[in-house]
Amino acid sequence: MNVRMGEETIDNPINTGSGPANYTNVEGNGETVECGVKYYTLEEVRSHNVSTDTWLIIHDKVYDITGFLEEHPGGEEVLLEQAGADATESFEDVGHSTDAREMLQQYCVGELHMDDRKKENAKDEDAENSGEFSHSWTAWLMPAIVAVVVAVMYRYYYVFEHKSS
Ligand code: HEM
């Protein structure tokens, strides 16, 4: 397929390579796909944005879905709209089945380069961290406040009871 040939000639995708580049197995039945061996920049993924050469990013993994366009049960159009871009949100919005997620594997050609994924994930991490912080903060503060209030109420009740009796 010309797409694959195109892929071979791709201009130096960054390979932080910690192992053999056995990602070429994606050309077979996909059972032995190893994602994460080859890293692509966002810019490079963006260049694969036509129907004869369609790549997508989903959860920081890069997929060459050219051969899947016509097979997609949700239609070719929706995929082409996302061509060369990060389709994580739209993929998740649809609520794809486990089968769909498994199908993804066979089209995986690598992962998004760390430098490009940090920008998005940094936001998530910040949100998560602040969430965790506030969560752990309220986790002990709220019971402490409740305890103090109960103690004060009990104290006043106790004093009041003793005064009135
Ligand atoms: C390569 C990635 C994708 C794969 C392997 C895939 C696979 C599938 C499969 C197997 C289905 C049938 C329903 C299911 O099993 O969940 C489906 C439906 C659908 N997909 Fe995808 N999909 C992919 C990407 C996307 C993206 C990026 C979008 C949106 C932009 C999308 C939109 C839809 C829609 C709208 C349906 C129809 C849902 C329905 O009729 O209920 N898909 N897809």
# chains A, B, ... in the order shown; residues from 1 in each chain; ligands from 1

call {"tool": "residues_near_ligand", "arguments": {"ligand": "ligand 1", "cutoff": "9 Å", "atoms": "only C-alpha atoms and all ligand atoms", "output": "ChimeraX atom specification"}}
result
/A:55-58,63-65,68-69,71-83,86-108

call {"tool": "write_last_selection", "arguments": {"atoms": "C-alpha atoms", "output": "short mmCIF file (atom, residue, chain, number, x, y, z; two decimals), in the first residue's frame"}}
result
data_model
loop_
_atom_site.label_atom_id
_atom_site.label_comp_id
_atom_site.auth_asym_id
_atom_site.auth_seq_id
_atom_site.Cartn_x
_atom_site.Cartn_y
_atom_site.Cartn_z
CA TRP A 55 -3.25 9.55 10.89
CA LEU A 56 -4.93 10.24 14.20
CA ILE A 57 -3.82 10.68 17.76
CA ILE A 58 -5.87 8.98 20.42
CA TYR A 63 -2.72 5.61 14.45
CA ASP A 64 -2.52 5.22 10.71
CA ILE A 65 -6.16 4.61 9.89
CA PHE A 68 -9.79 1.69 8.08
CA LEU A 69 -11.59 4.76 6.72
CA GLU A 71 -14.56 0.17 7.25
CA HIS A 72 -15.41 2.56 10.05
CA PRO A 73 -19.00 1.88 11.18
CA GLY A 74 -19.37 5.55 12.06
CA GLY A 75 -18.37 6.60 8.55
CA GLU A 76 -15.34 7.95 6.83
CA GLU A 77 -16.30 11.60 7.21
CA VAL A 78 -15.95 11.79 10.97
CA LEU A 79 -12.49 10.31 10.76
CA LEU A 80 -11.40 12.65 8.00
CA GLU A 81 -12.55 15.61 10.07
CA GLN A 82 -9.98 14.57 12.64
CA ALA A 83 -7.26 13.64 10.18
CA ASP A 86 -5.82 14.58 18.22
CA ALA A 87 -9.13 12.72 18.08
CA THR A 88 -9.13 11.57 21.69
CA GLU A 89 -12.07 13.70 22.70
CA SER A 90 -14.27 12.80 19.74
CA PHE A 91 -13.34 9.15 20.07
CA GLU A 92 -14.33 9.16 23.72
CA ASP A 93 -17.44 11.28 23.17
CA VAL A 94 -18.90 8.57 20.96
CA GLY A 95 -18.43 6.03 23.72
CA HIS A 96 -16.74 3.43 21.55
CA SER A 97 -17.07 -0.19 22.57
CA THR A 98 -14.29 -2.41 23.87
CA ASP A 99 -14.21 -4.02 20.43
CA ALA A 100 -13.53 -0.62 18.89
CA ARG A 101 -10.70 -0.04 21.37
CA GLU A 102 -9.19 -3.39 20.53
CA MET A 103 -9.44 -2.60 16.83
CA LEU A 104 -7.37 0.50 17.44
CA GLN A 105 -4.32 -1.55 18.27
CA GLN A 106 -3.79 -2.81 14.76
CA TYR A 107 -3.46 0.70 13.41
CA CYS A 108 -1.01 1.95 15.96
#

call {"tool": "atom_distance", "arguments": {"atom1": "CA of Asp116 in chain A", "atom2": "CA of Asn49 in chain A"}}
result
17.7 Å
